>>> print(open('work-v7.cif').read())   # mmCIF, C-alpha atoms and all ligand atoms
data_work
#
loop_
_atom_site.label_atom_id
_atom_site.label_comp_id
_atom_site.auth_asym_id
_atom_site.auth_seq_id
_atom_site.Cartn_x
_atom_site.Cartn_y
_atom_site.Cartn_z
CA MET X 1 -30.89 -48.30 2.79
CA ALA X 2 -32.94 -50.44 5.11
CA ARG X 3 -33.08 -52.45 8.26
CA ILE X 4 -34.67 -55.88 8.03
CA ASP X 5 -36.79 -57.64 10.59
CA ILE X 6 -37.32 -61.35 10.06
CA ASP X 7 -40.05 -62.12 12.55
CA ASP X 8 -40.90 -65.74 13.46
CA VAL X 9 -40.60 -66.82 9.84
CA THR X 10 -41.35 -70.43 8.95
CA LYS X 11 -41.35 -71.87 5.44
CA ARG X 12 -42.83 -75.30 4.80
CA PHE X 13 -42.80 -77.13 1.49
CA GLY X 14 -45.64 -79.65 1.15
CA ASP X 15 -48.03 -80.91 3.82
CA GLY X 16 -48.23 -83.75 6.30
CA GLU X 17 -45.53 -86.38 6.59
CA ASP X 18 -43.97 -85.55 3.24
CA GLY X 19 -43.72 -81.88 4.19
CA ILE X 20 -40.36 -80.23 4.77
CA VAL X 21 -39.75 -77.39 7.18
CA ALA X 22 -37.07 -75.53 5.24
CA VAL X 23 -37.03 -72.51 7.57
CA ASP X 24 -38.07 -73.17 11.15
CA ASP X 25 -39.36 -70.19 13.14
CA ILE X 26 -36.46 -67.82 12.55
CA SER X 27 -36.32 -64.35 14.07
CA LEU X 28 -33.49 -62.01 13.26
CA TYR X 29 -33.06 -58.25 13.23
CA ILE X 30 -30.55 -56.81 10.76
CA ASP X 31 -29.48 -53.20 11.12
CA ASP X 32 -29.30 -50.66 8.36
CA GLY X 33 -26.02 -51.09 6.49
CA GLU X 34 -25.08 -54.31 8.24
CA PHE X 35 -23.31 -57.16 6.42
CA VAL X 36 -24.65 -60.48 7.71
CA VAL X 37 -23.26 -63.82 6.57
CA PHE X 38 -25.40 -66.98 6.68
CA VAL X 39 -23.64 -70.34 6.91
CA GLY X 40 -24.77 -73.91 7.30
CA PRO X 41 -24.62 -77.24 5.53
CA SER X 42 -26.39 -77.94 2.27
CA GLY X 43 -30.16 -78.10 2.85
CA SER X 44 -30.08 -76.03 6.04
CA GLY X 45 -32.46 -73.43 4.60
CA LYS X 46 -30.06 -70.63 3.66
CA SER X 47 -31.39 -70.10 0.13
CA THR X 48 -35.01 -70.46 1.18
CA LEU X 49 -34.59 -67.83 3.89
CA LEU X 50 -32.98 -65.44 1.42
CA ARG X 51 -35.66 -66.09 -1.18
CA THR X 52 -38.32 -65.36 1.42
CA VAL X 53 -36.74 -61.99 2.19
CA ALA X 54 -36.54 -61.32 -1.56
CA GLY X 55 -40.22 -62.16 -2.08
CA LEU X 56 -39.40 -65.10 -4.33
CA GLU X 57 -41.03 -67.45 -1.80
CA ASP X 58 -44.06 -66.79 0.41
CA GLN X 59 -43.37 -67.69 4.01
CA THR X 60 -45.83 -70.08 5.64
CA GLU X 61 -45.80 -68.11 8.88
CA GLY X 62 -44.30 -64.89 10.19
CA ASP X 63 -43.46 -61.45 8.84
CA VAL X 64 -40.68 -59.88 6.85
CA VAL X 65 -40.24 -56.18 7.52
CA ILE X 66 -37.96 -54.00 5.38
CA GLY X 67 -37.52 -50.44 6.60
CA ASP X 68 -40.90 -49.62 8.15
CA THR X 69 -42.93 -51.77 5.78
CA ILE X 70 -44.29 -55.27 6.28
CA VAL X 71 -43.48 -56.64 2.83
CA ASN X 72 -45.28 -60.01 3.07
CA GLU X 73 -47.67 -59.04 0.30
CA LEU X 74 -45.13 -57.25 -1.88
CA GLY X 75 -43.49 -58.87 -4.90
CA PRO X 76 -39.72 -58.85 -5.48
CA ARG X 77 -39.65 -55.64 -7.55
CA ALA X 78 -41.52 -53.57 -4.99
CA ARG X 79 -39.03 -54.60 -2.30
CA ASN X 80 -36.16 -52.86 -4.11
CA ILE X 81 -33.78 -55.72 -3.44
CA ALA X 82 -30.92 -56.83 -5.65
CA MET X 83 -29.95 -60.51 -5.74
CA VAL X 84 -26.72 -62.05 -6.96
CA PHE X 85 -26.49 -65.82 -7.45
CA GLN X 86 -23.62 -68.18 -8.20
CA ASN X 87 -24.70 -68.63 -11.80
CA TYR X 88 -24.60 -65.06 -12.88
CA ALA X 89 -27.93 -65.19 -14.75
CA LEU X 90 -26.88 -62.53 -17.27
CA TYR X 91 -28.90 -62.34 -20.46
CA PRO X 92 -26.64 -64.09 -22.99
CA ASN X 93 -27.79 -62.15 -26.04
CA MET X 94 -27.43 -58.72 -24.48
CA THR X 95 -24.27 -56.69 -24.11
CA VAL X 96 -23.06 -55.74 -20.65
CA GLU X 97 -24.51 -52.29 -21.15
CA GLU X 98 -27.90 -53.75 -22.12
CA ASN X 99 -27.78 -56.24 -19.25
CA MET X 100 -27.18 -53.43 -16.79
CA ALA X 101 -29.77 -51.09 -18.32
CA PHE X 102 -32.50 -53.72 -18.56
CA GLY X 103 -33.48 -53.75 -14.88
CA LEU X 104 -33.57 -49.96 -14.77
CA LYS X 105 -35.81 -49.81 -17.83
CA MET X 106 -38.19 -52.35 -16.30
CA SER X 107 -38.37 -50.99 -12.78
CA THR X 108 -37.94 -47.21 -13.02
CA ASP X 109 -39.20 -44.39 -15.18
CA MET X 110 -35.71 -42.98 -15.68
CA LEU X 111 -35.03 -41.36 -19.04
CA GLU X 112 -32.85 -43.20 -21.55
CA THR X 113 -30.03 -40.65 -21.10
CA GLU X 114 -30.17 -40.93 -17.29
CA ILE X 115 -30.02 -44.71 -17.56
CA GLU X 116 -27.00 -44.51 -19.84
CA LYS X 117 -25.23 -42.16 -17.43
CA ARG X 118 -25.99 -44.34 -14.42
CA VAL X 119 -24.83 -47.52 -16.23
CA HIS X 120 -21.54 -45.88 -17.22
CA GLU X 121 -20.89 -44.55 -13.72
CA THR X 122 -21.55 -47.96 -12.20
CA ALA X 123 -19.37 -49.68 -14.80
CA GLU X 124 -16.55 -47.35 -13.79
CA THR X 125 -17.04 -48.16 -10.10
CA MET X 126 -16.83 -51.85 -10.93
CA GLY X 127 -13.92 -51.51 -13.36
CA ILE X 128 -15.92 -53.01 -16.22
CA GLU X 129 -16.27 -49.97 -18.49
CA LYS X 130 -14.15 -51.68 -21.17
CA LEU X 131 -16.62 -54.59 -21.23
CA LEU X 132 -19.76 -52.54 -21.86
CA HIS X 133 -20.10 -53.69 -25.46
CA SER X 134 -19.16 -57.33 -24.85
CA THR X 135 -21.67 -60.16 -24.44
CA PRO X 136 -21.44 -62.62 -21.51
CA GLY X 137 -20.10 -65.42 -23.74
CA GLU X 138 -17.03 -63.31 -24.54
CA MET X 139 -16.09 -62.84 -20.89
CA SER X 140 -14.39 -64.90 -18.18
CA GLY X 141 -16.30 -66.15 -15.13
CA GLY X 142 -14.77 -63.44 -12.98
CA GLN X 143 -15.75 -60.73 -15.43
CA GLN X 144 -19.29 -62.09 -15.62
CA GLN X 145 -19.60 -62.08 -11.85
CA ARG X 146 -18.33 -58.51 -11.76
CA VAL X 147 -21.00 -57.58 -14.30
CA ALA X 148 -23.64 -59.39 -12.25
CA LEU X 149 -22.61 -57.26 -9.26
CA GLY X 150 -22.66 -54.15 -11.41
CA ARG X 151 -26.13 -55.01 -12.62
CA ALA X 152 -27.23 -55.40 -9.00
CA ILE X 153 -25.84 -52.08 -7.75
CA VAL X 154 -26.88 -50.03 -10.78
CA ARG X 155 -30.44 -50.06 -9.43
CA ASP X 156 -29.34 -48.50 -6.16
CA PRO X 157 -31.12 -51.18 -4.11
CA ASN X 158 -32.09 -50.99 -0.43
CA VAL X 159 -30.77 -54.47 0.18
CA PHE X 160 -28.28 -56.88 -1.38
CA LEU X 161 -28.97 -60.59 -1.18
CA MET X 162 -26.10 -62.78 -2.31
CA ASP X 163 -26.43 -66.55 -2.51
CA GLU X 164 -23.00 -68.20 -2.82
CA PRO X 165 -22.02 -65.63 -5.45
CA LEU X 166 -18.39 -66.73 -5.64
CA SER X 167 -18.67 -70.50 -5.54
CA ASN X 168 -18.12 -70.92 -9.29
CA LEU X 169 -14.88 -68.95 -9.29
CA ASP X 170 -11.35 -70.27 -8.82
CA ALA X 171 -9.57 -69.62 -5.52
CA LYS X 172 -7.57 -66.59 -6.68
CA LEU X 173 -10.60 -64.82 -8.14
CA ARG X 174 -12.65 -65.67 -5.08
CA THR X 175 -10.17 -63.87 -2.85
CA GLU X 176 -10.17 -60.89 -5.18
CA MET X 177 -13.97 -60.70 -5.36
CA ARG X 178 -14.35 -61.09 -1.58
CA THR X 179 -12.31 -57.94 -1.12
CA GLU X 180 -14.25 -56.24 -3.88
CA ILE X 181 -17.65 -57.07 -2.37
CA ASN X 182 -16.55 -55.84 1.06
CA ARG X 183 -15.18 -52.63 -0.48
CA LEU X 184 -18.42 -52.02 -2.37
CA GLN X 185 -20.54 -52.67 0.67
CA ASN X 186 -18.37 -50.29 2.72
CA ASP X 187 -18.67 -47.58 0.08
CA LEU X 188 -22.40 -47.99 -0.49
CA SER X 189 -23.44 -49.07 3.05
CA VAL X 190 -26.15 -51.27 1.63
CA THR X 191 -27.67 -53.80 4.04
CA THR X 192 -26.31 -57.15 2.82
CA LEU X 193 -27.35 -60.75 3.47
CA TYR X 194 -24.66 -63.09 2.17
CA VAL X 195 -25.00 -66.89 1.99
CA THR X 196 -21.94 -69.11 1.83
CA HIS X 197 -20.69 -72.53 2.83
CA ASP X 198 -17.10 -71.32 2.59
CA GLN X 199 -15.31 -71.18 5.94
CA THR X 200 -13.06 -68.26 5.00
CA GLU X 201 -15.95 -66.17 3.75
CA ALA X 202 -17.90 -66.97 6.91
CA MET X 203 -15.05 -65.91 9.18
CA THR X 204 -13.88 -62.82 7.34
CA MET X 205 -16.61 -61.05 5.41
CA GLY X 206 -19.46 -60.11 7.69
CA ASP X 207 -20.20 -57.98 10.73
CA ARG X 208 -22.24 -60.88 12.05
CA LEU X 209 -22.52 -64.55 11.35
CA VAL X 210 -25.75 -66.57 11.40
CA VAL X 211 -25.33 -70.34 11.66
CA LEU X 212 -28.22 -72.51 10.44
CA ASN X 213 -28.92 -76.24 10.62
CA HIS X 214 -32.11 -78.05 9.58
CA GLY X 215 -33.80 -74.68 9.06
CA GLU X 216 -33.13 -73.67 12.66
CA LEU X 217 -31.05 -70.79 13.88
CA GLN X 218 -28.10 -72.17 15.85
CA GLN X 219 -26.17 -69.03 16.70
CA VAL X 220 -25.94 -65.36 15.83
CA GLY X 221 -22.84 -63.38 16.70
CA THR X 222 -19.65 -61.88 15.41
CA PRO X 223 -17.58 -64.46 13.53
CA LEU X 224 -15.09 -64.55 16.41
CA GLU X 225 -17.81 -65.05 19.03
CA CYS X 226 -19.26 -67.96 17.06
CA PHE X 227 -15.82 -69.46 16.54
CA TYR X 228 -14.47 -69.11 20.07
CA ARG X 229 -17.76 -69.35 21.97
CA PRO X 230 -19.94 -71.70 19.93
CA SER X 231 -23.40 -72.09 21.43
CA ASN X 232 -23.56 -75.84 20.82
CA ARG X 233 -21.71 -78.84 19.43
CA PHE X 234 -23.06 -78.35 15.96
CA VAL X 235 -21.66 -74.81 15.65
CA ALA X 236 -18.33 -75.88 17.13
CA GLY X 237 -18.05 -78.77 14.69
CA PHE X 238 -19.19 -76.79 11.70
CA LEU X 239 -16.84 -73.87 12.29
CA GLY X 240 -13.99 -76.06 13.50
CA SER X 241 -13.78 -74.28 16.84
CA PRO X 242 -10.86 -75.18 19.12
CA SER X 243 -12.03 -77.59 21.84
P1 LIG E 1 -29.49 -74.45 1.45
O1 LIG E 1 -29.54 -73.23 0.59
O2 LIG E 1 -29.00 -74.19 2.84
O3 LIG E 1 -28.69 -75.56 0.82
P2 LIG E 1 -32.30 -74.71 0.82
O4 LIG E 1 -32.94 -73.49 1.35
O5 LIG E 1 -32.03 -74.77 -0.64
O6 LIG E 1 -30.96 -75.03 1.65
O7 LIG E 1 -33.20 -75.96 1.18
C1 LIG E 1 -33.73 -76.20 2.49
C2 LIG E 1 -34.65 -77.41 2.44
O8 LIG E 1 -35.82 -77.09 1.70
C3 LIG E 1 -34.04 -78.62 1.76
O9 LIG E 1 -34.49 -79.77 2.43
C4 LIG E 1 -34.59 -78.55 0.36
O10 LIG E 1 -34.66 -79.82 -0.22
C5 LIG E 1 -35.98 -77.96 0.60
N1 LIG E 1 -36.47 -77.18 -0.54
C6 LIG E 1 -35.93 -76.05 -1.04
N2 LIG E 1 -36.65 -75.56 -2.06
C7 LIG E 1 -37.71 -76.42 -2.22
C8 LIG E 1 -38.84 -76.47 -3.10
N3 LIG E 1 -39.03 -75.52 -4.03
N4 LIG E 1 -39.70 -77.50 -2.96
C9 LIG E 1 -39.51 -78.45 -2.01
N5 LIG E 1 -38.50 -78.46 -1.14
C10 LIG E 1 -37.59 -77.46 -1.23
MG MG E 2 -28.59 -72.83 -1.20
#
>>> encode(input="work-v7.cif", output="structure tokens")
Amino acid sequence: MARIDIDDVTKRFGDGEDGIVAVDDISLYIDDGEFVVFVGPSGSGKSTLLRTVAGLEDQTEGDVVIGDTIVNELGPRARNIAMVFQNYALYPNMTVEENMAFGLKMSTDMLETEIEKRVHETAETMGIEKLLHSTPGEMSGGQQQRVALGRAIVRDPNVFLMDEPLSNLDAKLRTEMRTEINRLQNDLSVTTLYVTHDQTEAMTMGDRLVVLNHGELQQVGTPLECFYRPSNRFVAGFLGSPS
């Protein structure tokens, strides 16, 4: 488990007039075990901010601190973070069991038998034990997303980063998976950063909501605070606050 300190982080792509400031001087402290939802229009910097925390992008300025460690120089693996994306990114030629075991084999020195045990326990938690010998192509979108979550939690990460993980699912499955993700996060108390552009997810899933626009932080607060006491016109318009 881990607290996260995003400290004056800026991410620029390109230089000069053609340059884009994707993340504009953002500071945010996230407590251990907190579930924080990031919302904002397309291009507002949500994915870039998450990728910076994950170590998939180097920030141009500022620090990312996870636990007590400044992780600026650390690659994604060393940060012990699990990411889940909208396209599940499962390995198509591997079974579910192999997909889930792969990350453990690469990043730990666990014994084969320990890995097998851990994969089976996690599969049970996720209700996917019957799928262990299936390949992704044989499963529905909802099942694949469940496996992607299973593959993320099997590594017992410090932090979950989820970037619109449910946006490829139909409405019924989305509702189901929302509940599932909240249940998991409650059980595991893993610090979670969750990106969405879905209003319902923004209002219901997190402890706190972070609203972004043009790479800038517009408001941080509980979903109800942001909704009923928007800090500016943009937030009010975006969340559909009563006027
Ligand atoms: P969001 O996830 O909120 O839709 P992004 O973080 O993907 O927003 O993008 C923020 C801005 O940064 C956008 O203007 C986007 O075009 C730009 N951007 C993102 N990734 C890159 C990249 N690899 N190279 C250049 N520009 C990028
Ligand atoms: Mg994005």
>>> atom_distance(input="work-v7.cif", atom1="atom CA of Pro157 of chain X", atom2="atom CA of Asn80 of chain X")
5.3 Å
>>> axis_aligned_box(input="work-v7.cif", around="ligand LIG 1 (chain E)", padding_each_side="5 Å", output="AutoDock Vina command-line options")
--center_x -34.2 --center_y -76.5 --center_z -0.6 --size_x 21.0 --size_y 16.6 --size_z 16.9
>>> closest_residue(input="work-v7.cif", among="X:Gly33, X:Gly14, X:Gly221, X:Gly19", to="Phe160 of chain X", atoms="all atoms listed in the file")
X:Gly33
>>> atom_distance(input="work-v7.cif", atom1="atom CA of His214 of chain X", atom2="atom C9 of ligand LIG 1 (chain E)")
13.8 Å
>>> closest_residue(input="work-v7.cif", among="X:Met94, X:Val154, X:Val37, X:Ala101", to="Leu50 of chain X", atoms="only C-alpha atoms")
X:Val37
>>> closest_residue(input="work-v7.cif", among="X:Gly103, X:Glu97, X:Ser44, X:Leu90", to="Glu116 of chain X", atoms="only C-alpha atoms")
X:Glu97
>>> closest_residue(input="work-v7.cif", among="X:Gly40, X:Asn182, X:Leu104, X:Asp63", to="ligand MG 2 (chain E)", atoms="only C-alpha atoms and all ligand atoms")
X:Gly40
>>> closest_residue(input="work-v7.cif", among="X:Glu164, X:Glu114, X:Asp58, X:Glu138", to="Asn93 of chain X", atoms="all atoms listed in the file")
X:Glu138
>>> closest_atom_pairs(input="work-v7.cif", of="chain X", to="ligand MG 2 (chain E)", cutoff="12 Å", atoms="only C-alpha atoms and all ligand atoms", output="JSON lines")
{"residue": "X:Ala22", "atom": "CA", "partner": "E:MG2", "partner_atom": "MG", "distance": 11.0}
{"residue": "X:Phe38", "atom": "CA", "partner": "E:MG2", "partner_atom": "MG", "distance": 10.3}
{"residue": "X:Val39", "atom": "CA", "partner": "E:MG2", "partner_atom": "MG", "distance": 9.8}
{"residue": "X:Gly40", "atom": "CA", "partner": "E:MG2", "partner_atom": "MG", "distance": 9.4}
{"residue": "X:Pro41", "atom": "CA", "partner": "E:MG2", "partner_atom": "MG", "distance": 9.0}
{"residue": "X:Ser42", "atom": "CA", "partner": "E:MG2", "partner_atom": "MG", "distance": 6.6}
{"residue": "X:Gly43", "atom": "CA", "partner": "E:MG2", "partner_atom": "MG", "distance": 6.8}
{"residue": "X:Ser44", "atom": "CA", "partner": "E:MG2", "partner_atom": "MG", "distance": 8.1}
{"residue": "X:Gly45", "atom": "CA", "partner": "E:MG2", "partner_atom": "MG", "distance": 7.0}
{"residue": "X:Lys46", "atom": "CA", "partner": "E:MG2", "partner_atom": "MG", "distance": 5.5}
{"residue": "X:Ser47", "atom": "CA", "partner": "E:MG2", "partner_atom": "MG", "distance": 4.1}
{"residue": "X:Thr48", "atom": "CA", "partner": "E:MG2", "partner_atom": "MG", "distance": 7.2}
{"residue": "X:Leu49", "atom": "CA", "partner": "E:MG2", "partner_atom": "MG", "distance": 9.3}
{"residue": "X:Leu50", "atom": "CA", "partner": "E:MG2", "partner_atom": "MG", "distance": 9.0}
{"residue": "X:Arg51", "atom": "CA", "partner": "E:MG2", "partner_atom": "MG", "distance": 9.8}
{"residue": "X:Phe85", "atom": "CA", "partner": "E:MG2", "partner_atom": "MG", "distance": 9.6}
{"residue": "X:Gln86", "atom": "CA", "partner": "E:MG2", "partner_atom": "MG", "distance": 9.8}
{"residue": "X:Met162", "atom": "CA", "partner": "E:MG2", "partner_atom": "MG", "distance": 10.4}
{"residue": "X:Asp163", "atom": "CA", "partner": "E:MG2", "partner_atom": "MG", "distance": 6.8}
{"residue": "X:Glu164", "atom": "CA", "partner": "E:MG2", "partner_atom": "MG", "distance": 7.4}
{"residue": "X:Pro165", "atom": "CA", "partner": "E:MG2", "partner_atom": "MG", "distance": 10.6}
{"residue": "X:Ser167", "atom": "CA", "partner": "E:MG2", "partner_atom": "MG", "distance": 11.1}
{"residue": "X:Tyr194", "atom": "CA", "partner": "E:MG2", "partner_atom": "MG", "distance": 11.0}
{"residue": "X:Val195", "atom": "CA", "partner": "E:MG2", "partner_atom": "MG", "distance": 7.6}
{"residue": "X:Thr196", "atom": "CA", "partner": "E:MG2", "partner_atom": "MG", "distance": 8.2}
{"residue": "X:His197", "atom": "CA", "partner": "E:MG2", "partner_atom": "MG", "distance": 8.9}
{"residue": "X:Leu212", "atom": "CA", "partner": "E:MG2", "partner_atom": "MG", "distance": 11.7}
{"residue": "X:Gly215", "atom": "CA", "partner": "E:MG2", "partner_atom": "MG", "distance": 11.7}
>>> closest_residue(input="work-v7.cif", among="X:Arg3, X:Arg151, X:Arg178, X:Arg12", to="Ala123 of chain X", atoms="only C-alpha atoms")
X:Arg151
>>> residues_around(input="work-v7.cif", residues="segment 241-243 of chain X", least_positions_apart="2", cutoff="7 Å", atoms="only C-alpha atoms", output="list in words")
Phe227, Tyr228, Ala236, Gly237 and Leu239 of chain X
>>> atom_distance(input="work-v7.cif", atom1="atom CA of Leu184 of chain X", atom2="atom CA of Ala202 of chain X")
17.6 Å
>>> residues_near_point(input="work-v7.cif", point="(-14.9, -62.4, 6.4)", cutoff="10 Å", atoms="all atoms listed in the file", output="short mmCIF file (atom, residue, chain, number, x, y, z; two decimals) with C-alpha atoms, keeping the file's coordinate frame")
data_model
loop_
_atom_site.label_atom_id
_atom_site.label_comp_id
_atom_site.auth_asym_id
_atom_site.auth_seq_id
_atom_site.Cartn_x
_atom_site.Cartn_y
_atom_site.Cartn_z
CA PHE X 35 -23.31 -57.16 6.42
CA VAL X 37 -23.26 -63.82 6.57
CA ARG X 178 -14.35 -61.09 -1.58
CA THR X 179 -12.31 -57.94 -1.12
CA ASN X 182 -16.55 -55.84 1.06
CA ASP X 198 -17.10 -71.32 2.59
CA GLN X 199 -15.31 -71.18 5.94
CA THR X 200 -13.06 -68.26 5.00
CA GLU X 201 -15.95 -66.17 3.75
CA ALA X 202 -17.90 -66.97 6.91
CA MET X 203 -15.05 -65.91 9.18
CA THR X 204 -13.88 -62.82 7.34
CA MET X 205 -16.61 -61.05 5.41
CA GLY X 206 -19.46 -60.11 7.69
CA ASP X 207 -20.20 -57.98 10.73
CA ARG X 208 -22.24 -60.88 12.05
CA LEU X 209 -22.52 -64.55 11.35
CA PRO X 223 -17.58 -64.46 13.53
#
>>> residues_near_point(input="work-v7.cif", point="(-31.3, -45.8, -16.1)", cutoff="12 Å", atoms="all atoms listed in the file", output="ChimeraX atom specification")
/X:97-122,151,153-156
>>> residues_around(input="work-v7.cif", residues="Asn87 of chain X", least_positions_apart="4", cutoff="12 Å", atoms="only C-alpha atoms", output="MDAnalysis selection string")
chainID X and resid 83 91 136 141:142 144:149 162:169
>>> build_atoms(input="work-v7.cif", residues="segment 105-130 of chain X", atoms="N, CA and C atoms", output="mmCIF file, in the frame of the given file")
data_model
loop_
_atom_site.group_PDB
_atom_site.id
_atom_site.type_symbol
_atom_site.label_atom_id
_atom_site.label_comp_id
_atom_site.auth_asym_id
_atom_site.auth_seq_id
_atom_site.Cartn_x
_atom_site.Cartn_y
_atom_site.Cartn_z
ATOM 1 N N LYS X 105 -34.714 -50.098 -16.894
ATOM 2 C CA LYS X 105 -35.810 -49.810 -17.830
ATOM 3 C C LYS X 105 -37.112 -50.415 -17.327
ATOM 4 N N MET X 106 -36.987 -51.636 -16.750
ATOM 5 C CA MET X 106 -38.190 -52.350 -16.300
ATOM 6 C C MET X 106 -38.759 -51.757 -15.016
ATOM 7 N N SER X 107 -37.892 -51.285 -14.135
ATOM 8 C CA SER X 107 -38.370 -50.990 -12.780
ATOM 9 C C SER X 107 -38.386 -49.499 -12.440
ATOM 10 N N THR X 108 -37.915 -48.648 -13.327
ATOM 11 C CA THR X 108 -37.940 -47.210 -13.020
ATOM 12 C C THR X 108 -38.506 -46.467 -14.231
ATOM 13 N N ASP X 109 -38.787 -45.182 -14.013
ATOM 14 C CA ASP X 109 -39.200 -44.390 -15.180
ATOM 15 C C ASP X 109 -38.092 -43.402 -15.556
ATOM 16 N N MET X 110 -36.840 -43.827 -15.294
ATOM 17 C CA MET X 110 -35.710 -42.980 -15.680
ATOM 18 C C MET X 110 -35.663 -42.805 -17.195
ATOM 19 N N LEU X 111 -35.196 -41.625 -17.620
ATOM 20 C CA LEU X 111 -35.030 -41.360 -19.040
ATOM 21 C C LEU X 111 -33.848 -42.164 -19.583
ATOM 22 N N GLU X 112 -33.913 -42.451 -20.863
ATOM 23 C CA GLU X 112 -32.850 -43.200 -21.550
ATOM 24 C C GLU X 112 -31.442 -42.616 -21.247
ATOM 25 N N THR X 113 -31.348 -41.287 -21.306
ATOM 26 C CA THR X 113 -30.030 -40.650 -21.100
ATOM 27 C C THR X 113 -29.571 -40.791 -19.653
ATOM 28 N N GLU X 114 -30.512 -40.745 -18.712
ATOM 29 C CA GLU X 114 -30.170 -40.930 -17.290
ATOM 30 C C GLU X 114 -29.685 -42.359 -17.058
ATOM 31 N N ILE X 115 -30.392 -43.296 -17.699
ATOM 32 C CA ILE X 115 -30.020 -44.710 -17.560
ATOM 33 C C ILE X 115 -28.602 -44.921 -18.073
ATOM 34 N N GLU X 116 -28.327 -44.360 -19.234
ATOM 35 C CA GLU X 116 -27.000 -44.510 -19.840
ATOM 36 C C GLU X 116 -25.922 -43.966 -18.900
ATOM 37 N N LYS X 117 -26.188 -42.802 -18.330
ATOM 38 C CA LYS X 117 -25.230 -42.160 -17.430
ATOM 39 C C LYS X 117 -24.984 -43.047 -16.203
ATOM 40 N N ARG X 118 -26.080 -43.519 -15.632
ATOM 41 C CA ARG X 118 -25.990 -44.340 -14.420
ATOM 42 C C ARG X 118 -25.240 -45.648 -14.713
ATOM 43 N N VAL X 119 -25.509 -46.269 -15.859
ATOM 44 C CA VAL X 119 -24.830 -47.520 -16.230
ATOM 45 C C VAL X 119 -23.326 -47.263 -16.379
ATOM 46 N N HIS X 120 -22.964 -46.164 -17.017
ATOM 47 C CA HIS X 120 -21.540 -45.880 -17.220
ATOM 48 C C HIS X 120 -20.829 -45.569 -15.911
ATOM 49 N N GLU X 121 -21.487 -44.836 -15.029
ATOM 50 C CA GLU X 121 -20.890 -44.550 -13.720
ATOM 51 C C GLU X 121 -20.649 -45.838 -12.924
ATOM 52 N N THR X 122 -21.663 -46.702 -12.937
ATOM 53 C CA THR X 122 -21.550 -47.960 -12.200
ATOM 54 C C THR X 122 -20.458 -48.848 -12.802
ATOM 55 N N ALA X 123 -20.399 -48.879 -14.122
ATOM 56 C CA ALA X 123 -19.370 -49.680 -14.800
ATOM 57 C C ALA X 123 -17.978 -49.201 -14.390
ATOM 58 N N GLU X 124 -17.830 -47.900 -14.222
ATOM 59 C CA GLU X 124 -16.550 -47.350 -13.790
ATOM 60 C C GLU X 124 -16.218 -47.805 -12.368
ATOM 61 N N THR X 125 -17.209 -47.699 -11.480
ATOM 62 C CA THR X 125 -17.040 -48.160 -10.100
ATOM 63 C C THR X 125 -16.554 -49.606 -10.056
ATOM 64 N N MET X 126 -17.128 -50.420 -10.945
ATOM 65 C CA MET X 126 -16.830 -51.850 -10.930
ATOM 66 C C MET X 126 -15.621 -52.206 -11.796
ATOM 67 N N GLY X 127 -15.045 -51.232 -12.479
ATOM 68 C CA GLY X 127 -13.920 -51.510 -13.360
ATOM 69 C C GLY X 127 -14.292 -52.372 -14.561
ATOM 70 N N ILE X 128 -15.484 -52.205 -15.068
ATOM 71 C CA ILE X 128 -15.920 -53.010 -16.220
ATOM 72 C C ILE X 128 -16.291 -52.124 -17.410
ATOM 73 N N GLU X 129 -15.827 -50.861 -17.407
ATOM 74 C CA GLU X 129 -16.270 -49.970 -18.490
ATOM 75 C C GLU X 129 -15.782 -50.455 -19.862
ATOM 76 N N LYS X 130 -14.652 -51.171 -19.885
ATOM 77 C CA LYS X 130 -14.150 -51.680 -21.170
ATOM 78 C C LYS X 130 -14.987 -52.848 -21.698
#
